[in-house]
Each structure stands twice: as C-alpha cells, then as structure tokens.
$ cat entry.csv   # CSV, C-alpha atoms
chain,number,residue,atom,x,y,z
A,1,MET,CA,-1.2,116.3,-125.5
A,2,ALA,CA,1.3,119.1,-125.7
A,3,GLU,CA,4.2,119.1,-123.3
A,4,THR,CA,4.1,122.1,-121.0
A,5,SER,CA,6.7,121.4,-118.4
A,6,GLY,CA,9.2,118.8,-117.2
A,7,ALA,CA,12.7,117.8,-118.0
A,8,GLY,CA,13.5,118.0,-121.6
A,9,ALA,CA,10.8,120.6,-122.4
A,10,GLY,CA,12.2,122.9,-125.0
A,11,THR,CA,15.7,121.5,-124.6
A,12,GLY,CA,16.0,119.9,-128.0
A,13,ALA,CA,16.1,116.4,-126.6
A,14,ALA,CA,17.1,113.7,-129.1
A,15,PRO,CA,14.1,112.1,-130.9
A,16,GLY,CA,13.0,108.9,-129.0
A,17,ALA,CA,14.8,110.0,-125.8
A,18,ALA,CA,12.9,109.3,-122.6
A,19,VAL,CA,11.4,112.5,-121.4
A,20,PRO,CA,9.1,112.7,-118.3
A,21,PRO,CA,5.5,113.8,-119.2
A,22,GLY,CA,4.6,117.4,-118.9
A,23,GLN,CA,1.8,118.8,-116.7
A,24,ARG,CA,-1.5,117.4,-117.7
A,25,GLN,CA,-4.3,119.8,-118.7
A,26,ALA,CA,-7.8,119.5,-117.1
A,27,ASP,CA,-10.4,118.0,-119.4
A,28,GLU,CA,-14.1,117.2,-119.1
A,29,GLU,CA,-13.5,113.7,-117.7
A,30,PHE,CA,-12.1,115.2,-114.5
A,31,ALA,CA,-14.6,118.0,-114.2
A,32,GLY,CA,-15.4,118.8,-110.5
A,33,THR,CA,-11.9,117.8,-109.2
A,34,ASP,CA,-10.6,121.4,-108.9
A,35,ARG,CA,-9.3,122.5,-105.6
A,36,LEU,CA,-11.6,124.5,-103.3
A,37,THR,CA,-11.1,128.2,-103.0
A,38,GLU,CA,-10.6,129.8,-99.6
A,39,ASP,CA,-14.3,131.0,-99.7
A,40,GLU,CA,-15.7,127.5,-100.3
A,41,THR,CA,-16.2,124.9,-97.6
A,42,LEU,CA,-15.7,121.1,-97.7
A,43,LEU,CA,-18.9,119.2,-97.3
A,44,GLU,CA,-18.6,116.2,-95.0
A,45,GLY,CA,-18.9,113.0,-96.9
A,46,ALA,CA,-18.7,109.3,-96.3
A,47,ASP,CA,-15.0,109.3,-96.8
A,48,ILE,CA,-14.3,111.8,-94.1
A,49,ALA,CA,-13.6,110.3,-90.7
A,50,GLY,CA,-16.2,111.6,-88.3
A,51,THR,CA,-15.9,111.8,-84.5
A,52,ASP,CA,-16.3,108.4,-82.9
A,53,ASP,CA,-14.7,106.3,-80.3
A,54,ALA,CA,-11.4,105.6,-82.1
A,55,ARG,CA,-8.1,105.9,-80.3
A,56,PHE,CA,-4.8,106.5,-82.2
A,57,THR,CA,-1.7,105.3,-80.4
A,58,VAL,CA,1.9,105.6,-81.4
A,59,LEU,CA,3.5,102.3,-80.4
A,60,GLU,CA,6.7,101.8,-78.5
A,61,ARG,CA,9.7,100.2,-80.2
A,62,GLN,CA,9.4,96.8,-78.3
A,63,THR,CA,5.7,96.6,-79.1
A,64,CYS,CA,6.6,97.1,-82.8
A,65,TYR,CA,9.0,94.2,-82.6
A,66,ASN,CA,6.4,92.0,-80.8
A,67,LEU,CA,3.9,92.7,-83.6
A,68,MET,CA,6.4,92.0,-86.3
A,69,ALA,CA,7.2,88.7,-84.6
A,70,SER,CA,3.5,87.7,-84.7
A,71,HIS,CA,3.3,87.6,-88.5
A,72,ASP,CA,5.3,86.1,-91.3
A,73,ILE,CA,4.4,88.1,-94.4
A,74,GLY,CA,5.3,91.8,-94.9
A,75,ARG,CA,6.5,94.2,-97.6
A,76,VAL,CA,10.0,95.3,-98.5
A,77,ALA,CA,10.3,98.8,-100.0
A,78,PHE,CA,13.4,100.0,-101.9
A,79,THR,CA,14.3,102.3,-104.7
A,80,ILE,CA,15.6,101.3,-108.1
A,81,GLU,CA,17.9,103.9,-109.6
A,82,GLY,CA,16.1,105.9,-112.3
A,83,ASP,CA,12.6,105.1,-111.0
A,84,ALA,CA,10.4,107.9,-109.7
A,85,ALA,CA,8.7,105.9,-107.0
A,86,PRO,CA,9.8,103.1,-104.6
A,87,THR,CA,9.2,99.5,-105.4
A,88,ILE,CA,7.3,97.5,-102.8
A,89,LEU,CA,7.2,93.7,-102.8
A,90,PRO,CA,5.7,91.2,-100.4
A,91,VAL,CA,8.0,88.7,-98.7
A,92,ASN,CA,7.7,85.8,-96.2
A,93,TYR,CA,9.9,86.7,-93.3
A,94,ALA,CA,11.0,85.9,-89.8
A,95,LEU,CA,12.1,88.2,-87.0
A,96,VAL,CA,15.3,86.8,-85.7
A,97,HIS,CA,17.0,88.7,-82.8
A,98,ASP,CA,15.2,92.0,-83.8
A,99,THR,CA,16.4,91.5,-87.4
A,100,ILE,CA,14.0,91.0,-90.4
A,101,VAL,CA,15.2,87.9,-92.3
A,102,PHE,CA,13.8,86.7,-95.6
A,103,ARG,CA,14.7,84.7,-98.8
A,104,SER,CA,15.1,85.7,-102.4
A,105,THR,CA,16.4,84.2,-105.6
A,106,LEU,CA,19.8,85.3,-106.8
A,107,ALA,CA,18.3,87.0,-109.9
A,108,GLY,CA,15.3,88.4,-108.0
A,109,THR,CA,14.4,92.1,-108.0
A,110,ILE,CA,14.8,92.3,-104.2
A,111,MET,CA,18.3,90.7,-104.4
A,112,ARG,CA,19.4,93.0,-107.2
A,113,PHE,CA,18.1,96.3,-105.9
A,114,ALA,CA,17.2,96.1,-102.2
A,115,ARG,CA,20.7,95.8,-100.9
A,116,GLY,CA,21.7,99.0,-99.3
A,117,TYR,CA,18.8,100.8,-97.5
A,118,ALA,CA,15.3,99.4,-97.4
A,119,ALA,CA,12.1,99.8,-95.5
A,120,PHE,CA,9.9,97.0,-94.2
A,121,GLN,CA,6.2,97.2,-93.4
A,122,VAL,CA,3.8,94.8,-91.8
A,123,ASP,CA,0.2,95.4,-90.6
A,124,HIS,CA,-3.0,93.8,-89.5
A,125,PHE,CA,-6.5,95.3,-90.0
A,126,ASP,CA,-10.0,94.4,-88.9
A,127,GLU,CA,-12.1,96.1,-91.6
A,128,GLU,CA,-15.4,95.3,-89.9
A,129,ARG,CA,-14.3,96.9,-86.6
A,130,ARG,CA,-12.3,99.6,-88.5
A,131,GLU,CA,-9.2,99.1,-86.3
A,132,GLY,CA,-5.7,97.7,-86.7
A,133,TRP,CA,-2.0,98.4,-86.5
A,134,SER,CA,0.9,99.1,-88.8
A,135,VAL,CA,4.7,98.8,-88.2
A,136,LEU,CA,7.4,100.4,-90.4
A,137,ALA,CA,11.1,99.6,-90.0
A,138,SER,CA,13.9,100.9,-92.0
A,139,GLY,CA,17.6,100.2,-92.1
A,140,ARG,CA,20.5,98.5,-93.9
A,141,CYS,CA,19.5,95.5,-96.1
A,142,ARG,CA,22.2,93.1,-96.9
A,143,TRP,CA,22.9,89.7,-98.3
A,144,VAL,CA,23.8,87.1,-95.7
A,145,ARG,CA,26.5,84.9,-97.2
A,146,ASP,CA,28.7,84.0,-94.2
A,147,SER,CA,28.1,80.4,-93.2
A,148,GLY,CA,28.5,81.2,-89.5
A,149,GLU,CA,25.8,83.9,-89.7
A,150,LEU,CA,23.5,81.6,-91.7
A,151,ALA,CA,24.0,78.9,-89.0
A,152,ARG,CA,22.8,81.3,-86.3
A,153,ILE,CA,19.4,81.5,-88.0
A,154,PRO,CA,17.4,78.8,-86.1
A,155,GLN,CA,16.5,75.9,-88.3
A,156,GLY,CA,12.9,76.1,-89.5
A,157,ARG,CA,12.5,79.8,-88.5
A,158,LEU,CA,12.3,81.1,-92.1
A,159,PRO,CA,8.8,80.4,-93.5
A,160,LYS,CA,8.4,78.7,-96.8
A,161,PRO,CA,8.0,81.4,-99.4
A,162,TRP,CA,4.6,81.6,-101.1
A,163,ALA,CA,6.2,82.4,-104.5
A,164,GLU,CA,7.2,79.4,-106.5
A,165,GLY,CA,10.8,78.6,-107.3
A,166,ASP,CA,13.9,78.3,-105.2
A,167,ARG,CA,14.4,81.1,-102.7
A,168,ASP,CA,17.9,80.0,-101.6
A,169,GLN,CA,19.5,83.4,-100.9
A,170,VAL,CA,19.0,85.1,-97.5
A,171,LEU,CA,18.8,88.8,-96.9
A,172,LYS,CA,18.3,90.7,-93.7
A,173,ILE,CA,17.2,94.2,-92.7
A,174,THR,CA,18.7,95.5,-89.5
A,175,PRO,CA,16.3,98.2,-88.4
A,176,GLY,CA,17.6,101.6,-87.4
A,177,ARG,CA,14.2,103.2,-87.2
A,178,VAL,CA,11.1,101.4,-86.1
A,179,THR,CA,7.7,103.1,-85.8
A,180,GLY,CA,4.2,101.8,-85.3
A,181,ARG,CA,0.7,103.0,-85.0
A,182,ARG,CA,-2.5,101.5,-83.7
A,183,ILE,CA,-6.1,102.5,-84.2
A,184,ALA,CA,-8.5,100.9,-81.7
A,185,ARG,CA,-12.1,101.4,-80.8
A,186,SER,CA,-13.5,101.4,-77.3

$ encode --input "entry.csv" --output "structure tokens"
Amino acid sequence: MAETSGAGAGTGAAPGAAVPPGQRQADEEFAGTDRLTEDETLLEGADIAGTDDARFTVLERQTCYNLMASHDIGRVAFTIEGDAAPTILPVNYALVHDTIVFRSTLAGTIMRFARGYAAFQVDHFDEERREGWSVLASGRCRWVRDSGELARIPQGRLPKPWAEGDRDQVLKITPGRVTGRRIARS
C-alpha cells in the first residue's frame, strides 16, 4: 500500500526506520462503511440504544470510593513513551485509606512504566439486566518502599495476585480525580 500521509512521508527517512503508516485507502472489503452525508439519515438498528427505563447517574466521590472498596480486581492504565495508545493491565488491589494499593514484580511492566501518573478503573456489569457502574480514578502512582509506610498497610489487606510469580513490590495510586457513572433500570 502506498504511503499517503504521516510522519516520514516524503522526508527521505532512512531505510528500515520506523515510520507510522499512512492513511489507508478504502477497498472492497470495507464497502458500505462510508460516512453518511447530510442528506442521508441513520436507520435505527439493534446497536442503537432505544428509549427505555434506563437511568444514567453521575456518582458522588464517596460513592466511587465505596464501590472501589467492594472489589479487588481493576485495571491500571498508563502510557509508555513512544507508544501511541495507553497500556491497560489488570491488577488485584485493595483500597486503603482512599488509596489504591497493588503489587507488582520489580521487572514488571507496571513497575517500569506506571510510576508517575496513572489511571485506575473498576466496574461491575449485569449484562442480562443491562445495568452496571464504572469508576475511574487518576493520580500519582508511586513505588512504596518506606518500611513505615508499608507497615501502615493492614496485614492481609492486599489480595493474593492471580498472576503467578512473586509480586513483592507495592505500588499505590493516590487519586486526584475520581469519577463514576451508573446505569440502572427501573
């Protein structure tokens, strides 16, 4: 496929240098995926939410913390320099004094790249009833190495990681922003 745009297009980049792909051209495989013109209308399909008895609620901060405390597996999201998209990995965690605490290995991806700023997400869905909630927290993520700080984590509060291998390093995310949403049916 010929490159039509993107970094390195027409710049004489060195052979073998990593260059982002250019804009893809439409082909027959994706026929029918063009955008609608202003004169066309969108036909309602099964994937379009119809009007029903669903209620959408923005959750208060304390409710978000209560929901986070009710689970022990969530996702940590962070960026790796040079990657175009965030990396999102599941972790077993505990909420200790409104701080998200989890374990990693010293050479683990989270340990190497999540320190700095990270986001944390936990949710619960009932697919049959089509309702659920989601909480997103973001803030500083740091490695807990101080023995006094480690001692303040109540014994037995950190769940056993599902992943095999020693997870003997502790990290914590101190949320600055916490948001949540709930969809419930009457």

$ closest_residue --input "entry.csv" --among "A:Leu89, A:Asp146, A:Gly82, A:Glu60" --to "Gly108 (chain A)" --atoms "only C-alpha atoms"
A:Leu89

$ residues_around --input "entry.csv" --residues "Thr105 (chain A)" --least-positions-apart "6" --cutoff "9 Å" --atoms "all atoms listed in the file" --output "ChimeraX atom specification"
/A:111,165-170

$ residues_around --input "entry.csv" --residues "Phe120 (chain A)" --least-positions-apart "6" --cutoff "8 Å" --atoms "only C-alpha atoms" --output "PyMOL selection string"
chain A and resi 74-77+136-138+173

$ closest_residue --input "entry.csv" --among "A:Val58, A:Ile80, A:Val91, A:Val101" --to "Val144 (chain A)" --atoms "only C-alpha atoms"
A:Val101

$ atom_distance --input "entry.csv" --atom1 "CA of Ala85 (chain A)" --atom2 "CA of Ala163 (chain A)"
23.8 Å
